[in-house]
$ cat structure.pdb   # PDB, C-alpha atoms
ATOM      1  CA  MET I  10      87.513 169.989 114.971
ATOM      2  CA  LEU I  11      84.570 171.208 117.054
ATOM      3  CA  CYS I  12      80.925 171.075 116.002
ATOM      4  CA  GLU I  13      79.838 174.256 114.218
ATOM      5  CA  LYS I  14      76.452 174.290 115.919
ATOM      6  CA  CYS I  15      77.048 173.546 119.603
ATOM      7  CA  LYS I  16      80.798 174.331 119.628
ATOM      8  CA  LYS I  17      81.234 171.748 122.440
ATOM      9  CA  ASN I  18      81.618 168.276 120.950
ATOM     10  CA  GLU I  19      84.001 166.855 118.378
ATOM     11  CA  ALA I  20      82.593 167.014 114.811
ATOM     12  CA  THR I  21      82.011 163.485 113.512
ATOM     13  CA  THR I  22      79.652 164.241 110.623
ATOM     14  CA  HIS I  23      80.887 166.300 107.688
ATOM     15  CA  ILE I  24      78.220 167.478 105.236
ATOM     16  CA  LYS I  25      78.887 169.112 101.890
ATOM     17  CA  THR I  26      75.919 170.735 100.103
ATOM     18  CA  ASN I  27      75.610 172.331  96.693
ATOM     19  CA  ILE I  28      72.488 174.480  96.445
ATOM     20  CA  ASN I  29      72.109 176.653  93.361
ATOM     21  CA  GLY I  30      75.850 176.475  92.754
ATOM     22  CA  VAL I  31      76.765 177.564  96.300
ATOM     23  CA  VAL I  32      78.897 174.871  97.940
ATOM     24  CA  GLU I  33      78.879 174.763 101.736
ATOM     25  CA  THR I  34      80.630 172.392 104.120
ATOM     26  CA  HIS I  35      79.333 171.813 107.639
ATOM     27  CA  HIS I  36      81.000 169.921 110.481
ATOM     28  CA  LEU I  37      78.620 168.637 113.149
ATOM     29  CA  CYS I  38      78.745 166.366 116.171
ATOM     30  CA  GLY I  39      76.524 163.286 116.207
ATOM     31  CA  HIS I  40      73.863 164.941 118.362
ATOM     32  CA  CYS I  41      73.550 168.102 116.230
ATOM     33  CA  ALA I  42      73.632 166.042 113.023
ATOM     34  CA  ALA I  43      70.765 163.889 114.318
ATOM     35  CA  GLU I  44      68.763 167.033 115.148
ATOM     36  CA  GLN I  45      69.117 168.132 111.512
ATOM     37  CA  GLY I  46      68.060 164.733 110.145
ATOM     38  CA  TYR I  47      71.464 163.150 109.542
ATOM     39  CA  SER I  48      72.360 159.945 111.320
ATOM     40  CA  ASN I  49      75.850 158.695 112.011
ATOM     41  CA  ASN I  50      75.195 155.419 110.232
ATOM     42  CA  MET I  51      73.334 156.980 107.324
ATOM     43  CA  PHE I  52      76.021 156.052 104.806
ATOM     44  CA  ALA I  53      77.737 153.276 106.692
ATOM     45  CA  PHE I  54      77.400 149.611 106.006
ATOM     46  CA  GLY I  55      79.161 146.654 107.449
ATOM     47  CA  ILE I  56      79.561 142.968 106.846
ATOM     48  CA  GLY I  57      76.118 142.430 108.399
ATOM     49  CA  ASP I  58      74.549 144.552 105.679
ATOM     50  CA  LEU I  59      76.479 142.713 103.001
ATOM     51  CA  LEU I  60      75.536 139.253 104.261
ATOM     52  CA  GLY I  61      72.285 140.226 105.979
ATOM     53  CA  SER I  62      69.985 138.344 103.634
ATOM     54  CA  PHE I  63      72.010 135.154 104.080
ATOM     55  CA  LEU I  64      71.985 135.455 107.857
ATOM     56  CA  GLY I  65      68.358 136.572 108.192
ATOM     57  CA  GLY I  66      69.356 140.116 109.191
ATOM     58  CA  SER I  67      67.235 141.905 106.600
ATOM     59  CA  ALA I  68      64.128 141.246 104.541
ATOM     60  CA  PRO I  69      64.575 139.038 101.488
ATOM     61  CA  VAL I  70      64.647 140.819  98.153
ATOM     62  CA  SER I  71      61.224 139.458  97.216
ATOM     63  CA  GLN I  72      59.595 141.146 100.257
ATOM     64  CA  SER I  73      61.026 144.631  99.676
ATOM     65  CA  VAL I  74      59.051 147.193  97.683
ATOM     66  CA  ARG I  75      60.351 147.477  94.123
ATOM     67  CA  CYS I  76      59.597 149.813  91.241
ATOM     68  CA  PRO I  77      57.293 148.016  88.779
ATOM     69  CA  VAL I  78      59.121 149.547  85.780
ATOM     70  CA  CYS I  79      62.850 149.217  86.506
ATOM     71  CA  GLY I  80      62.779 146.846  89.493
ATOM     72  CA  ALA I  81      64.883 149.071  91.770
ATOM     73  CA  SER I  82      64.351 148.992  95.527
ATOM     74  CA  PHE I  83      64.719 152.021  97.768
ATOM     75  CA  ASP I  84      67.795 150.477  99.404
ATOM     76  CA  GLU I  85      69.461 150.179  95.976
ATOM     77  CA  ILE I  86      68.591 153.803  95.172
ATOM     78  CA  ALA I  87      69.972 154.969  98.526
ATOM     79  CA  ALA I  88      73.164 152.951  98.047
ATOM     80  CA  SER I  89      73.844 154.158  94.506
ATOM     81  CA  GLY I  90      72.444 157.682  94.867
ATOM     82  CA  LYS I  91      70.710 157.251  91.504
ATOM     83  CA  VAL I  92      66.989 156.829  90.890
ATOM     84  CA  GLY I  93      66.234 154.002  88.468
ATOM     85  CA  CYS I  94      63.464 155.651  86.405
ATOM     86  CA  ASP I  95      60.738 158.293  86.576
ATOM     87  CA  LYS I  96      58.264 155.818  88.115
ATOM     88  CA  CYS I  97      60.616 155.423  91.119
ATOM     89  CA  TYR I  98      59.743 158.983  92.146
ATOM     90  CA  GLU I  99      56.086 157.944  92.462
ATOM     91  CA  VAL I 100      56.753 154.603  94.172
ATOM     92  CA  PHE I 101      59.274 155.940  96.711
ATOM     93  CA  LEU I 102      57.982 159.536  96.989
ATOM     94  CA  ASP I 103      57.508 159.517 100.758
ATOM     95  CA  ARG I 104      61.088 158.336 101.329
ATOM     96  CA  LEU I 105      62.732 160.439  98.594
ATOM     97  CA  VAL I 106      61.244 163.856  99.468
ATOM     98  CA  PRO I 107      63.192 164.379 102.744
ATOM     99  CA  SER I 108      66.484 163.515 101.014
ATOM    100  CA  LEU I 109      65.721 165.727  98.011
ATOM    101  CA  GLU I 110      64.805 168.654 100.247
ATOM    102  CA  ARG I 111      67.954 168.175 102.316
ATOM    103  CA  MET I 112      70.201 167.958  99.219
ATOM    104  CA  HIS I 113      68.599 170.558  96.950
ATOM    105  CA  GLY I 114      66.717 172.827  99.325
ATOM    106  CA  ARG I 115      63.362 171.900  97.741
ATOM    107  CA  SER I 116      61.617 168.879  96.278
ATOM    108  CA  LYS I 117      60.046 170.536  93.237
ATOM    109  CA  HIS I 118      62.060 171.259  90.101
ATOM    110  CA  VAL I 119      62.894 174.907  89.621
ATOM    111  CA  GLY I 120      65.043 175.771  86.652
ATOM    112  CA  LYS I 121      65.422 175.488  82.935
ATOM    113  CA  ARG I 122      63.259 173.209  80.839
ATOM    114  CA  PRO I 123      63.914 171.865  77.368
ATOM    115  CA  GLN I 124      62.668 174.027  74.475
ATOM    116  CA  THR I 125      60.097 171.367  73.539
ATOM    117  CA  ALA I 126      58.646 171.449  77.053
ATOM    118  CA  ASN I 127      57.711 175.101  76.577
ATOM    119  CA  ALA I 128      55.788 174.315  73.385
ATOM    120  CA  GLN I 129      52.957 172.314  75.010
ATOM    121  CA  PRO I 130      51.976 173.026  78.621
ATOM    122  CA  THR I 131      50.888 170.022  80.642
ATOM    123  CA  VAL I 132      47.257 169.523  81.650
ATOM    124  CA  ALA I 133      48.136 170.474  85.223
ATOM    125  CA  GLU I 134      49.785 173.699  84.041
ATOM    126  CA  ARG I 135      46.756 174.571  81.918
ATOM    127  CA  ILE I 136      44.430 173.911  84.865
ATOM    128  CA  ASN I 137      46.563 176.126  87.138
ATOM    129  CA  CYS I 138      46.515 178.903  84.530
ATOM    130  CA  LEU I 139      42.737 178.647  84.174
ATOM    131  CA  ARG I 140      42.318 178.716  87.964
ATOM    132  CA  GLY I 141      44.275 181.953  88.082
ATOM    133  CA  GLN I 142      42.057 183.408  85.362
ATOM    134  CA  LEU I 143      38.982 182.166  87.255
ATOM    135  CA  ASN I 144      40.106 183.956  90.431
ATOM    136  CA  ASP I 145      40.696 187.147  88.437
ATOM    137  CA  ALA I 146      37.256 186.899  86.803
ATOM    138  CA  VAL I 147      35.536 186.398  90.159
ATOM    139  CA  ALA I 148      37.455 189.322  91.663
ATOM    140  CA  ALA I 149      36.360 191.498  88.718
ATOM    141  CA  GLN I 150      32.794 190.172  89.117
ATOM    142  CA  GLU I 151      32.778 188.745  85.574
ATOM    143  CA  PHE I 152      30.598 185.809  86.540
ATOM    144  CA  GLU I 153      29.751 184.606  83.029
ATOM    145  CA  ARG I 154      33.446 184.377  82.166
ATOM    146  CA  ALA I 155      34.065 182.696  85.539
ATOM    147  CA  ALA I 156      31.423 180.058  84.738
ATOM    148  CA  GLN I 157      33.073 179.361  81.361
ATOM    149  CA  LEU I 158      36.465 178.999  83.005
ATOM    150  CA  ARG I 159      35.007 176.721  85.687
ATOM    151  CA  ASP I 160      33.579 174.466  82.960
ATOM    152  CA  GLN I 161      36.917 174.375  81.121
ATOM    153  CA  ILE I 162      38.707 173.413  84.339
ATOM    154  CA  LYS I 163      36.182 170.665  85.045
ATOM    155  CA  GLU I 164      36.564 169.306  81.494
ATOM    156  CA  LEU I 165      40.367 169.248  81.765
ATOM    157  CA  GLU I 166      40.231 167.535  85.155
ATOM    158  CA  GLU I 167      37.951 164.844  83.729
ATOM    159  CA  GLN I 168      40.340 164.317  80.782
ATOM    160  CA  ASP I 169      43.278 164.094  83.188
ATOM    161  CA  ASN I 170      41.505 161.437  85.293
ATOM    162  CA  ASP I 171      40.789 159.234  82.254
TER     163      ASP I 171
END

$ encode --input "structure.pdb" --output "structure tokens"
Amino acid sequence: MLCEKCKKNEATTHIKTNINGVVETHHLCGHCAAEQGYSNNMFAFGIGDLLGSFLGGSAPVSQSVRCPVCGASFDEIAASGKVGCDKCYEVFLDRLVPSLERMHGRSKHVGKRPQTANAQPTVAERINCLRGQLNDAVAAQEFERAAQLRDQIKELEEQDND
């Protein structure tokens, strides 16, 4: 099967994506896959990976970065495809974002939320709402209202930092 992108080389990388319920399959050669951020050995592992720590091929477990809550390392998350806990997203954010964007098309959650989540907006959501109101007040030249909103935003930001 030929590569879908260059239509010259044999397809060696087969990628299946599911974005918003739309499943797509792509067949790419190694060069085109690398251009799109996929590597040929992205999911491969050999005996060296399995015995690497015994043979000095990889860093010992104690030297790798681990989540302080669940103890998962990024290599374990990549191997299993499952994030250990919510703190892992903070610890491994820089390495998770490219994968999340490639798999889901974005790195920020867009979709349904539990009924209880709609009851109490988060501090960040309240601040964003107030900022929108502040911009509207300034545009309408309601400067007293804008000053009140500015003070509310500052108070919420101070609470959030504590």

$ closest_atom_pairs --input "structure.pdb" --of "range 101-170 of chain I" --to "range 16-27 of chain I" --cutoff "9 Å" --atoms "all atoms listed in the file" --output "Markdown table"
| residue | atom | partner | partner_atom | distance |
| --- | --- | --- | --- | --- |
| I:Arg111 | CA | I:Thr26 | CA | 8.7 |
| I:Met112 | CA | I:Thr26 | CA | 6.4 |
| I:His113 | CA | I:Asn27 | CA | 7.2 |

$ atom_distance --input "structure.pdb" --atom1 "CA of Arg140 in chain I" --atom2 "CA of Ile162 in chain I"
7.4 Å

$ resolve_selection --input "structure.pdb" --expression "the PyMOL selection byres ((chain I and resi 91-107) around 10)" --output "list in words"
Gly46, Val74, Arg75, Cys76, Pro77, Val78, Cys79, Gly80, Ala81, Ser82, Phe83, Glu85, Ile86, Ala87, Ala88, Ser89, Gly90, Ser108, Leu109, Glu110, Arg111, Met112, Gly114, Arg115, Ser116 and Lys117 of chain I

$ atom_distance --input "structure.pdb" --atom1 "CA of Ala155 in chain I" --atom2 "CA of Gln142 in chain I"
8.0 Å

$ atom_distance --input "structure.pdb" --atom1 "CA of Ser73 in chain I" --atom2 "CA of Tyr47 in chain I"
23.4 Å

$ residues_around --input "structure.pdb" --residues "Leu158 in chain I" --least-positions-apart "5" --cutoff "9 Å" --atoms "only C-alpha atoms" --output "ChimeraX atom specification"
/I:139-140,142-143,146,153,163

$ axis_aligned_box --input "structure.pdb" --around "range 103-112 of chain I" --padding-each-side "4 Å" --output "lines of an AutoDock Vina configuration file"
center_x = 63.9
center_y = 163.5
center_z = 100.4
size_x = 20.7
size_y = 18.3
size_z = 12.7

$ closest_residue --input "structure.pdb" --among "I:Ala43, I:Met10, I:Ile28, I:Ala133" --to "Glu167 in chain I" --atoms "only C-alpha atoms"
I:Ala133
